[in-house]
Structure formats: C-alpha cells, structure tokens
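Source file: coords_4.pdb; contents: PDB, C-alpha atoms and all ligand atoms.
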```pdb
MODEL        1
ATOM      1  CA  MET Q   1     -39.648 -34.142  93.703
ATOM      2  CA  PRO Q   2     -43.268 -33.235  94.632
ATOM      3  CA  ILE Q   3     -45.990 -35.840  94.177
ATOM      4  CA  LYS Q   4     -48.158 -34.963  91.171
ATOM      5  CA  ALA Q   5     -50.202 -38.150  90.916
ATOM      6  CA  VAL Q   6     -51.572 -40.676  93.374
ATOM      7  CA  LEU Q   7     -52.292 -44.186  92.086
ATOM      8  CA  PHE Q   8     -54.461 -46.637  93.977
ATOM      9  CA  ASP Q   9     -54.986 -50.331  94.005
ATOM     10  CA  LEU Q  10     -58.779 -50.966  94.127
ATOM     11  CA  ASP Q  11     -59.717 -54.083  96.100
ATOM     12  CA  ASN Q  12     -58.898 -53.928  99.812
ATOM     13  CA  THR Q  13     -57.377 -50.473  99.324
ATOM     14  CA  LEU Q  14     -60.437 -48.411  98.349
ATOM     15  CA  ILE Q  15     -63.064 -51.133  98.919
ATOM     16  CA  ASP Q  16     -63.214 -53.654 101.754
ATOM     17  CA  PHE Q  17     -63.628 -56.361  99.130
ATOM     18  CA  MET Q  18     -63.173 -59.436 101.353
ATOM     19  CA  LYS Q  19     -65.681 -58.202 103.920
ATOM     20  CA  LEU Q  20     -68.177 -57.604 101.108
ATOM     21  CA  LYS Q  21     -67.510 -61.065  99.711
ATOM     22  CA  ARG Q  22     -68.122 -62.694 103.091
ATOM     23  CA  MET Q  23     -71.420 -60.849 103.551
ATOM     24  CA  CYS Q  24     -72.572 -61.791 100.039
ATOM     25  CA  VAL Q  25     -71.713 -65.452 100.591
ATOM     26  CA  GLU Q  26     -73.367 -65.604 104.038
ATOM     27  CA  ASN Q  27     -76.598 -64.050 102.769
ATOM     28  CA  ALA Q  28     -76.594 -66.315  99.709
ATOM     29  CA  VAL Q  29     -76.261 -69.378 101.933
ATOM     30  CA  ASP Q  30     -79.179 -68.229 104.124
ATOM     31  CA  ALA Q  31     -81.307 -67.798 100.997
ATOM     32  CA  MET Q  32     -80.360 -71.233  99.637
ATOM     33  CA  ILE Q  33     -81.176 -72.883 102.969
ATOM     34  CA  ASP Q  34     -84.559 -71.076 102.978
ATOM     35  CA  SER Q  35     -85.145 -72.500  99.494
ATOM     36  CA  GLY Q  36     -84.580 -76.072 100.611
ATOM     37  CA  LEU Q  37     -80.823 -76.614 100.704
ATOM     38  CA  GLU Q  38     -80.175 -79.141 103.450
ATOM     39  CA  MET Q  39     -76.757 -78.228 104.713
ATOM     40  CA  LYS Q  40     -75.181 -76.588 107.736
ATOM     41  CA  LYS Q  41     -74.603 -72.868 107.126
ATOM     42  CA  GLU Q  42     -70.897 -72.960 108.065
ATOM     43  CA  GLU Q  43     -70.258 -75.927 105.813
ATOM     44  CA  ALA Q  44     -71.968 -74.248 102.856
ATOM     45  CA  ILE Q  45     -69.937 -71.057 103.379
ATOM     46  CA  LYS Q  46     -66.743 -73.091 103.511
ATOM     47  CA  THR Q  47     -67.650 -74.934 100.310
ATOM     48  CA  LEU Q  48     -68.291 -71.662  98.452
ATOM     49  CA  PHE Q  49     -64.948 -70.223  99.564
ATOM     50  CA  ASN Q  50     -63.228 -73.464  98.545
ATOM     51  CA  ILE Q  51     -64.663 -72.992  95.061
ATOM     52  CA  TYR Q  52     -63.361 -69.415  95.019
ATOM     53  CA  SER Q  53     -59.927 -70.560  96.052
ATOM     54  CA  ASP Q  54     -59.927 -73.216  93.316
ATOM     55  CA  GLN Q  55     -61.369 -71.027  90.538
ATOM     56  CA  GLY Q  56     -60.375 -67.489  91.526
ATOM     57  CA  ILE Q  57     -62.123 -65.007  93.793
ATOM     58  CA  GLU Q  58     -64.085 -63.469  90.890
ATOM     59  CA  TYR Q  59     -65.398 -66.789  89.542
ATOM     60  CA  GLN Q  60     -68.856 -66.079  88.103
ATOM     61  CA  GLU Q  61     -70.288 -69.626  88.076
ATOM     62  CA  VAL Q  62     -69.803 -70.300  91.745
ATOM     63  CA  PHE Q  63     -73.428 -71.236  92.521
ATOM     64  CA  GLN Q  64     -73.664 -73.640  89.610
ATOM     65  CA  GLU Q  65     -70.492 -75.365  90.743
ATOM     66  CA  PHE Q  66     -71.679 -75.351  94.355
ATOM     67  CA  SER Q  67     -74.905 -77.069  93.323
ATOM     68  CA  ARG Q  68     -73.023 -79.666  91.285
ATOM     69  CA  ARG Q  69     -70.547 -80.348  94.105
ATOM     70  CA  VAL Q  70     -73.100 -80.532  96.899
ATOM     71  CA  LEU Q  71     -76.195 -81.953  95.177
ATOM     72  CA  GLY Q  72     -74.638 -83.688  92.189
ATOM     73  CA  ARG Q  73     -76.813 -81.629  89.827
ATOM     74  CA  GLU Q  74     -77.794 -78.044  89.015
ATOM     75  CA  ASP Q  75     -80.803 -77.237  91.209
ATOM     76  CA  TYR Q  76     -82.241 -74.051  89.687
ATOM     77  CA  ARG Q  77     -84.466 -73.171  92.656
ATOM     78  CA  ILE Q  78     -81.488 -73.179  95.002
ATOM     79  CA  MET Q  79     -78.984 -71.606  92.600
ATOM     80  CA  ALA Q  80     -81.380 -68.748  91.759
ATOM     81  CA  ALA Q  81     -82.028 -68.037  95.439
ATOM     82  CA  GLY Q  82     -78.299 -67.877  96.122
ATOM     83  CA  ILE Q  83     -77.487 -65.727  93.098
ATOM     84  CA  ASN Q  84     -80.270 -63.204  93.789
ATOM     85  CA  SER Q  85     -79.317 -62.846  97.405
ATOM     86  CA  TYR Q  86     -75.631 -62.513  96.530
ATOM     87  CA  ARG Q  87     -76.378 -59.755  93.999
ATOM     88  CA  LYS Q  88     -78.716 -57.840  96.302
ATOM     89  CA  THR Q  89     -76.137 -57.888  99.068
ATOM     90  CA  LYS Q  90     -73.394 -56.774  96.715
ATOM     91  CA  ILE Q  91     -75.388 -53.794  95.442
ATOM     92  CA  SER Q  92     -76.340 -52.651  98.951
ATOM     93  CA  TYR Q  93     -72.972 -53.092 100.650
ATOM     94  CA  LEU Q  94     -70.465 -52.103  98.001
ATOM     95  CA  LYS Q  95     -69.022 -49.102  99.799
ATOM     96  CA  PRO Q  96     -65.624 -47.483 100.093
ATOM     97  CA  TYR Q  97     -63.514 -47.575 103.231
ATOM     98  CA  PRO Q  98     -64.064 -44.534 105.472
ATOM     99  CA  HIS Q  99     -62.705 -41.202 104.131
ATOM    100  CA  VAL Q 100     -62.063 -42.537 100.616
ATOM    101  CA  VAL Q 101     -64.404 -40.165  98.805
ATOM    102  CA  SER Q 102     -63.422 -37.089 100.853
ATOM    103  CA  THR Q 103     -59.705 -37.841 100.481
ATOM    104  CA  LEU Q 104     -59.917 -38.354  96.712
ATOM    105  CA  THR Q 105     -62.031 -35.210  96.370
ATOM    106  CA  GLU Q 106     -59.536 -33.092  98.316
ATOM    107  CA  LEU Q 107     -56.536 -34.476  96.432
ATOM    108  CA  ALA Q 108     -58.239 -33.742  93.103
ATOM    109  CA  LYS Q 109     -58.964 -30.180  94.279
ATOM    110  CA  LYS Q 110     -55.271 -29.702  94.993
ATOM    111  CA  GLY Q 111     -54.586 -30.554  91.349
ATOM    112  CA  ILE Q 112     -53.197 -34.029  92.078
ATOM    113  CA  LYS Q 113     -53.971 -36.526  89.303
ATOM    114  CA  LEU Q 114     -55.714 -39.697  90.487
ATOM    115  CA  ALA Q 115     -55.519 -43.183  89.010
ATOM    116  CA  ILE Q 116     -56.465 -46.779  89.747
ATOM    117  CA  VAL Q 117     -54.300 -49.729  88.766
ATOM    118  CA  THR Q 118     -56.192 -52.946  89.442
ATOM    119  CA  ASP Q 119     -55.843 -56.617  88.572
ATOM    120  CA  ALA Q 120     -59.638 -56.872  88.219
ATOM    121  CA  GLU Q 121     -61.087 -57.173  84.729
ATOM    122  CA  LYS Q 122     -62.468 -54.029  83.141
ATOM    123  CA  MET Q 123     -66.203 -54.605  83.655
ATOM    124  CA  GLN Q 124     -65.779 -55.826  87.243
ATOM    125  CA  ALA Q 125     -63.521 -52.879  88.048
ATOM    126  CA  TRP Q 126     -65.885 -50.305  86.575
ATOM    127  CA  LEU Q 127     -68.921 -51.815  88.311
ATOM    128  CA  ARG Q 128     -67.098 -51.269  91.609
ATOM    129  CA  ILE Q 129     -65.822 -47.796  90.704
ATOM    130  CA  SER Q 130     -69.327 -46.765  89.678
ATOM    131  CA  ALA Q 131     -70.848 -48.120  92.905
ATOM    132  CA  LEU Q 132     -68.269 -46.206  94.951
ATOM    133  CA  GLU Q 133     -69.243 -43.049  93.019
ATOM    134  CA  ILE Q 134     -65.624 -42.064  92.428
ATOM    135  CA  GLY Q 135     -65.486 -42.396  88.631
ATOM    136  CA  HIS Q 136     -65.588 -38.621  88.051
ATOM    137  CA  LEU Q 137     -62.518 -38.141  90.279
ATOM    138  CA  LEU Q 138     -60.279 -40.511  88.340
ATOM    139  CA  ASP Q 139     -58.001 -39.388  85.523
ATOM    140  CA  VAL Q 140     -56.802 -42.878  84.599
ATOM    141  CA  VAL Q 141     -58.064 -46.422  85.243
ATOM    142  CA  ILE Q 142     -55.859 -49.369  84.266
ATOM    143  CA  THR Q 143     -57.387 -52.844  84.581
ATOM    144  CA  SER Q 144     -55.884 -56.234  83.813
ATOM    145  CA  SER Q 145     -57.878 -56.178  80.553
ATOM    146  CA  ASP Q 146     -55.856 -53.170  79.348
ATOM    147  CA  THR Q 147     -52.438 -54.813  79.316
ATOM    148  CA  GLY Q 148     -53.203 -58.525  79.706
ATOM    149  CA  LYS Q 149     -50.815 -58.446  82.650
ATOM    150  CA  LYS Q 150     -51.236 -58.331  86.416
ATOM    151  CA  LYS Q 151     -49.170 -56.596  89.083
ATOM    152  CA  PRO Q 152     -46.316 -56.886  89.996
ATOM    153  CA  ASN Q 153     -45.636 -57.126  86.247
ATOM    154  CA  LEU Q 154     -44.457 -53.650  85.244
ATOM    155  CA  GLU Q 155     -46.800 -53.305  82.250
ATOM    156  CA  PRO Q 156     -49.837 -52.022  84.203
ATOM    157  CA  PHE Q 157     -47.636 -49.465  86.005
ATOM    158  CA  LYS Q 158     -46.038 -48.377  82.706
ATOM    159  CA  LYS Q 159     -49.418 -48.002  81.046
ATOM    160  CA  ALA Q 160     -50.620 -45.819  83.925
ATOM    161  CA  LEU Q 161     -47.543 -43.565  83.681
ATOM    162  CA  GLU Q 162     -48.028 -43.289  79.940
ATOM    163  CA  GLU Q 163     -51.682 -42.281  80.273
ATOM    164  CA  LEU Q 164     -50.932 -39.870  83.119
ATOM    165  CA  ASP Q 165     -48.000 -38.538  81.079
ATOM    166  CA  MET Q 166     -45.823 -38.537  84.192
ATOM    167  CA  LYS Q 167     -42.543 -39.830  85.452
ATOM    168  CA  ALA Q 168     -42.493 -42.602  88.031
ATOM    169  CA  GLU Q 169     -40.816 -40.396  90.650
ATOM    170  CA  GLU Q 170     -43.735 -37.928  90.474
ATOM    171  CA  CYS Q 171     -46.140 -40.696  91.543
ATOM    172  CA  LEU Q 172     -47.198 -42.256  94.814
ATOM    173  CA  PHE Q 173     -48.706 -45.764  94.709
ATOM    174  CA  ILE Q 174     -51.016 -47.014  97.490
ATOM    175  CA  GLY Q 175     -51.878 -50.676  97.905
ATOM    176  CA  ASP Q 176     -52.551 -53.442 100.414
ATOM    177  CA  HIS Q 177     -50.476 -56.158  98.754
ATOM    178  CA  LEU Q 178     -46.732 -56.141  99.406
ATOM    179  CA  GLU Q 179     -45.663 -58.085  96.363
ATOM    180  CA  ARG Q 180     -48.151 -56.927  93.745
ATOM    181  CA  ASP Q 181     -48.548 -53.306  94.779
ATOM    182  CA  ILE Q 182     -45.541 -52.197  96.797
ATOM    183  CA  GLU Q 183     -42.764 -54.177  95.123
ATOM    184  CA  GLY Q 184     -44.204 -53.569  91.655
ATOM    185  CA  ALA Q 185     -44.502 -49.803  92.134
ATOM    186  CA  LYS Q 186     -41.086 -49.631  93.778
ATOM    187  CA  LYS Q 187     -39.459 -51.466  90.912
ATOM    188  CA  ILE Q 188     -40.696 -48.933  88.392
ATOM    189  CA  GLY Q 189     -39.524 -46.071  90.595
ATOM    190  CA  MET Q 190     -42.701 -44.759  92.219
ATOM    191  CA  LYS Q 191     -42.949 -43.724  95.850
ATOM    192  CA  THR Q 192     -44.933 -46.332  97.750
ATOM    193  CA  CYS Q 193     -47.491 -46.356 100.524
ATOM    194  CA  PHE Q 194     -48.704 -49.518 102.247
ATOM    195  CA  ALA Q 195     -52.431 -49.567 103.155
ATOM    196  CA  ARG Q 196     -52.107 -51.366 106.461
ATOM    197  CA  TYR Q 197     -55.890 -51.341 106.947
ATOM    198  CA  GLY Q 198     -56.359 -53.550 103.852
ATOM    199  CA  TYR Q 199     -57.118 -57.214 104.051
ATOM    200  CA  ASN Q 200     -53.710 -58.460 103.037
ATOM    201  CA  GLY Q 201     -51.599 -56.200 105.153
ATOM    202  CA  ARG Q 202     -52.960 -56.196 108.653
ATOM    203  CA  SER Q 203     -50.045 -57.607 110.550
ATOM    204  CA  ILE Q 204     -47.190 -57.542 108.065
ATOM    205  CA  LYS Q 205     -44.195 -55.257 108.111
ATOM    206  CA  SER Q 206     -43.571 -53.562 104.784
ATOM    207  CA  ASN Q 207     -40.604 -51.754 103.347
ATOM    208  CA  ALA Q 208     -42.797 -49.181 101.649
ATOM    209  CA  ASP Q 209     -41.830 -45.509 101.909
ATOM    210  CA  HIS Q 210     -44.988 -44.875 103.971
ATOM    211  CA  GLU Q 211     -47.604 -46.877 105.850
ATOM    212  CA  ILE Q 212     -51.128 -45.709 106.638
ATOM    213  CA  ASP Q 213     -54.001 -46.915 108.810
ATOM    214  CA  ASP Q 214     -56.504 -44.511 107.247
ATOM    215  CA  ILE Q 215     -56.562 -43.173 103.722
ATOM    216  CA  ASN Q 216     -56.788 -39.565 104.950
ATOM    217  CA  GLU Q 217     -53.176 -39.859 106.164
ATOM    218  CA  LEU Q 218     -52.282 -39.348 102.496
ATOM    219  CA  PHE Q 219     -52.593 -35.569 102.954
ATOM    220  CA  ASP Q 220     -49.463 -35.504 105.109
ATOM    221  CA  ILE Q 221     -47.552 -37.635 102.618
ATOM    222  CA  VAL Q 222     -48.530 -35.715  99.495
ATOM    223  CA  ARG Q 223     -48.020 -32.282 101.034
TER
HETATM  224 MG    MG K 301     -55.689 -55.107  96.832
ENDMDL
END
```

Give the structure from the file, written as structure tokens.
Ligand SMILES: [Mg+2]
Amino acid sequence: MPIKAVLFDLDNTLIDFMKLKRMCVENAVDAMIDSGLEMKKEEAIKTLFNIYSDQGIEYQEVFQEFSRRVLGREDYRIMAAGINSYRKTKISYLKPYPHVVSTLTELAKKGIKLAIVTDAEKMQAWLRISALEIGHLLDVVITSSDTGKKKPNLEPFKKALEELDMKAEECLFIGDHLERDIEGAKKIGMKTCFARYGYNGRSIKSNADHEIDDINELFDIVR
C-alpha cells in the first residue's frame, strides 16, 4: 500500500532539542556567574540538569529551584539573569535539523499529508513548531494535551489517524525513540522509520522498517 501520510515525532526528530537545551543552560550559567553567582560553571550546569532529571526536561521553574538548592533562597538578580539568557538563547537557536523544511515542503507538494505526534504539551509544541516555521506544512498536530496520554500509548496514534482520516497502513511514522515512537507506531500498524541522527538513537539497533541518517532519505522510502 502506498504511503499517503508521514507522521513525525518533534523533539530530536525535527529539532535537535537536547543540543538546544545544553546551549540554553550553558549561556544561562554564564549569565548567572556574571551576575554574582559564585560557583564553578561545570557544577552549575550539572545542578541544572539534575533538576531537569528530577522534575522533567520541560520543568519551567528550574532557575527558582536552582537558586533554592544552591543559595538556600530565591536570589532574583541571579534567577532573572539566568532566565533571560536562557530565553534569548532558545529564541536564537531553535532551528530544525538540516533538510527538515525542504523535505517537508517537497512531501507536501507530492500530496503527502504531514503530521506531528509529540509528547510535549500543546503550547510548548506550538512554540517550537512556530519557531521552525513549519506550521503551514502540517495537516495534523497531536500533543500530549490532546489525549492526556503519551507515546507509546496508542491513543495519540489513534487520534492522529482519526484526524488524518487514514488507515494505519497508509502511514509512515518517523521518530528517534525506539519504545515511544517505533514500538508505538508499529503496534498500531504504521510503517516505521528510525531517525538514527536523533539524540536517543545514535548507537542503537532498531527493528524499524527503515532507518535514516538524514531526513531527506524519506524521499526514497515514500516513493
Ligand atoms: Mg523524540
């Protein structure tokens, strides 16, 4: 059966999310040190990532908790410096992986429907989609806010199929996470493609139907 829709995971499949996160955190630490934080840069970076691993990678109060952990109080001069620098970095460096925009554009031109199925919350997901300037290319966007469930739960995949009005076997799912993306999509009956270039997949062997090192390899698969 020919592929009529291509569905993408967002973070570390279309965006190099972890690289962005590292840059944001490093610049925030520099700014906090410039504002009077007395701490070694590496140690501060480690502390911030520890907070993310405790509270979730999208935790929004990370600088407040950092200040409480490190200084025993909320130091507004230091927190504000960190937050501003983090936000500035995020706005300037939120970019897609190479060939994302051209590949999505070409697929859309061929009449292939395009969708995103992400575990990010709706506002966070749309802020990223908007920054990547790919919103106009997408037919369907399913976030964790839409079903209350995260991959590999089948609900987000089902919701995407419903909104695309397609059968699973007409769809190809691309993601960097073996369990959430590949196993989830496989279970519902979609064709699968492992984004080996993504953060989670670099050195793992998958049992996806396809594996790619660059998103433009999708042309050969969809053809
Ligand atoms: Mg991902």

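Nearest to Leu138 in chain Q of all the residues Q:Thr105, Q:Asn216, Q:Gln60, Q:Asn50 is Q:Thr105, counting all atoms listed in the file.
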
Subject >> Expansion of the PyMOL selection byres (((chain Q and resi 8) around 7) and not hetatm) into residues, as a PyMOL selection string >> reply: chain Q and resi 6-7+9-10+115-117+173-175

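By all atoms listed in the file, and with residues fewer than 5 positions from Thr192 in chain Q along its chain excluded, the set lying at most 9 Å from it is Cys171, Leu172, Phe173, Ile174, Gly175, Asp181, Ile182, Glu183, Ala185, Lys186, Asn207, Ala208, Asp209, His210 and Glu211 of chain Q.
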
Ligand MG 301 (chain K): which residues are within 10 Å, counting all atoms listed in the file? Reply as a ChimeraX atom specification. /Q:8-18,117-120,174-178,180-181,195,198-201

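The closest residue to Gly184 in chain Q, picked from Q:Ser85, Q:Ser206, Q:Asn153, Q:Gln124 and counting only C-alpha atoms, is Q:Asn153.
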
Just say which residues the PyMOL selection byres (((chain Q and resi 96-99) around 6) and not hetatm) picks in this file, as a short mmCIF file (atom, residue, chain, number, x, y, z; two decimals) with C-alpha atoms, keeping the file's coordinate frame.
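Everything below was put into part_2.cif:
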```
data_model
loop_
_atom_site.label_atom_id
_atom_site.label_comp_id
_atom_site.auth_asym_id
_atom_site.auth_seq_id
_atom_site.Cartn_x
_atom_site.Cartn_y
_atom_site.Cartn_z
CA LEU Q 14 -60.44 -48.41 98.35
CA ILE Q 15 -63.06 -51.13 98.92
CA LYS Q 95 -69.02 -49.10 99.80
CA VAL Q 100 -62.06 -42.54 100.62
CA VAL Q 101 -64.40 -40.16 98.80
CA SER Q 102 -63.42 -37.09 100.85
CA THR Q 103 -59.70 -37.84 100.48
CA LEU Q 132 -68.27 -46.21 94.95
#
```

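Take the candidates Q:Leu104, Q:Gln55, Q:Met23, Q:Ala131 and check each one against Ile215 in chain Q using only C-alpha atoms; the shortest distance goes to Q:Leu104.
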
note - CA of Lys122 in chain Q and CA of Val141 in chain Q are separated by 9.0 Å

Check which residues satisfy the PyMOL selection byres (((chain Q and resi 158) around 12) and not hetatm) in the file shown, then give them as a PDB file with C-alpha atoms, in the coordinates of the input.
```pdb
ATOM      1  CA  VAL Q 117     -54.300 -49.729  88.766  1.00  0.00           C
ATOM      2  CA  ILE Q 142     -55.859 -49.369  84.266  1.00  0.00           C
ATOM      3  CA  ASP Q 146     -55.856 -53.170  79.348  1.00  0.00           C
ATOM      4  CA  THR Q 147     -52.438 -54.813  79.316  1.00  0.00           C
ATOM      5  CA  LYS Q 149     -50.815 -58.446  82.650  1.00  0.00           C
ATOM      6  CA  LYS Q 150     -51.236 -58.331  86.416  1.00  0.00           C
ATOM      7  CA  LYS Q 151     -49.170 -56.596  89.083  1.00  0.00           C
ATOM      8  CA  PRO Q 152     -46.316 -56.886  89.996  1.00  0.00           C
ATOM      9  CA  ASN Q 153     -45.636 -57.126  86.247  1.00  0.00           C
ATOM     10  CA  LEU Q 154     -44.457 -53.650  85.244  1.00  0.00           C
ATOM     11  CA  GLU Q 155     -46.800 -53.305  82.250  1.00  0.00           C
ATOM     12  CA  PRO Q 156     -49.837 -52.022  84.203  1.00  0.00           C
ATOM     13  CA  PHE Q 157     -47.636 -49.465  86.005  1.00  0.00           C
ATOM     14  CA  LYS Q 159     -49.418 -48.002  81.046  1.00  0.00           C
ATOM     15  CA  ALA Q 160     -50.620 -45.819  83.925  1.00  0.00           C
ATOM     16  CA  LEU Q 161     -47.543 -43.565  83.681  1.00  0.00           C
ATOM     17  CA  GLU Q 162     -48.028 -43.289  79.940  1.00  0.00           C
ATOM     18  CA  GLU Q 163     -51.682 -42.281  80.273  1.00  0.00           C
ATOM     19  CA  LEU Q 164     -50.932 -39.870  83.119  1.00  0.00           C
ATOM     20  CA  ASP Q 165     -48.000 -38.538  81.079  1.00  0.00           C
ATOM     21  CA  MET Q 166     -45.823 -38.537  84.192  1.00  0.00           C
ATOM     22  CA  LYS Q 167     -42.543 -39.830  85.452  1.00  0.00           C
ATOM     23  CA  ALA Q 168     -42.493 -42.602  88.031  1.00  0.00           C
ATOM     24  CA  CYS Q 171     -46.140 -40.696  91.543  1.00  0.00           C
ATOM     25  CA  GLY Q 184     -44.204 -53.569  91.655  1.00  0.00           C
ATOM     26  CA  ALA Q 185     -44.502 -49.803  92.134  1.00  0.00           C
ATOM     27  CA  LYS Q 187     -39.459 -51.466  90.912  1.00  0.00           C
ATOM     28  CA  ILE Q 188     -40.696 -48.933  88.392  1.00  0.00           C
ATOM     29  CA  GLY Q 189     -39.524 -46.071  90.595  1.00  0.00           C
ATOM     30  CA  MET Q 190     -42.701 -44.759  92.219  1.00  0.00           C
TER      31      MET Q 190
END
```

Across Q:Gly111, Q:Ile212, Q:Val140, Q:Glu65, the smallest distance to Ile51 in chain Q, with all atoms listed in the file counted, is shown by Q:Glu65

(message) Within 9 Å of (-83.6, -67.0, 100.6) in the file's own coordinates, which protein, DNA or RNA residues have an atom, counting all atoms listed in the file? List them as a ChimeraX atom specification.
(response) /Q:27-35,78,81-82,84-85
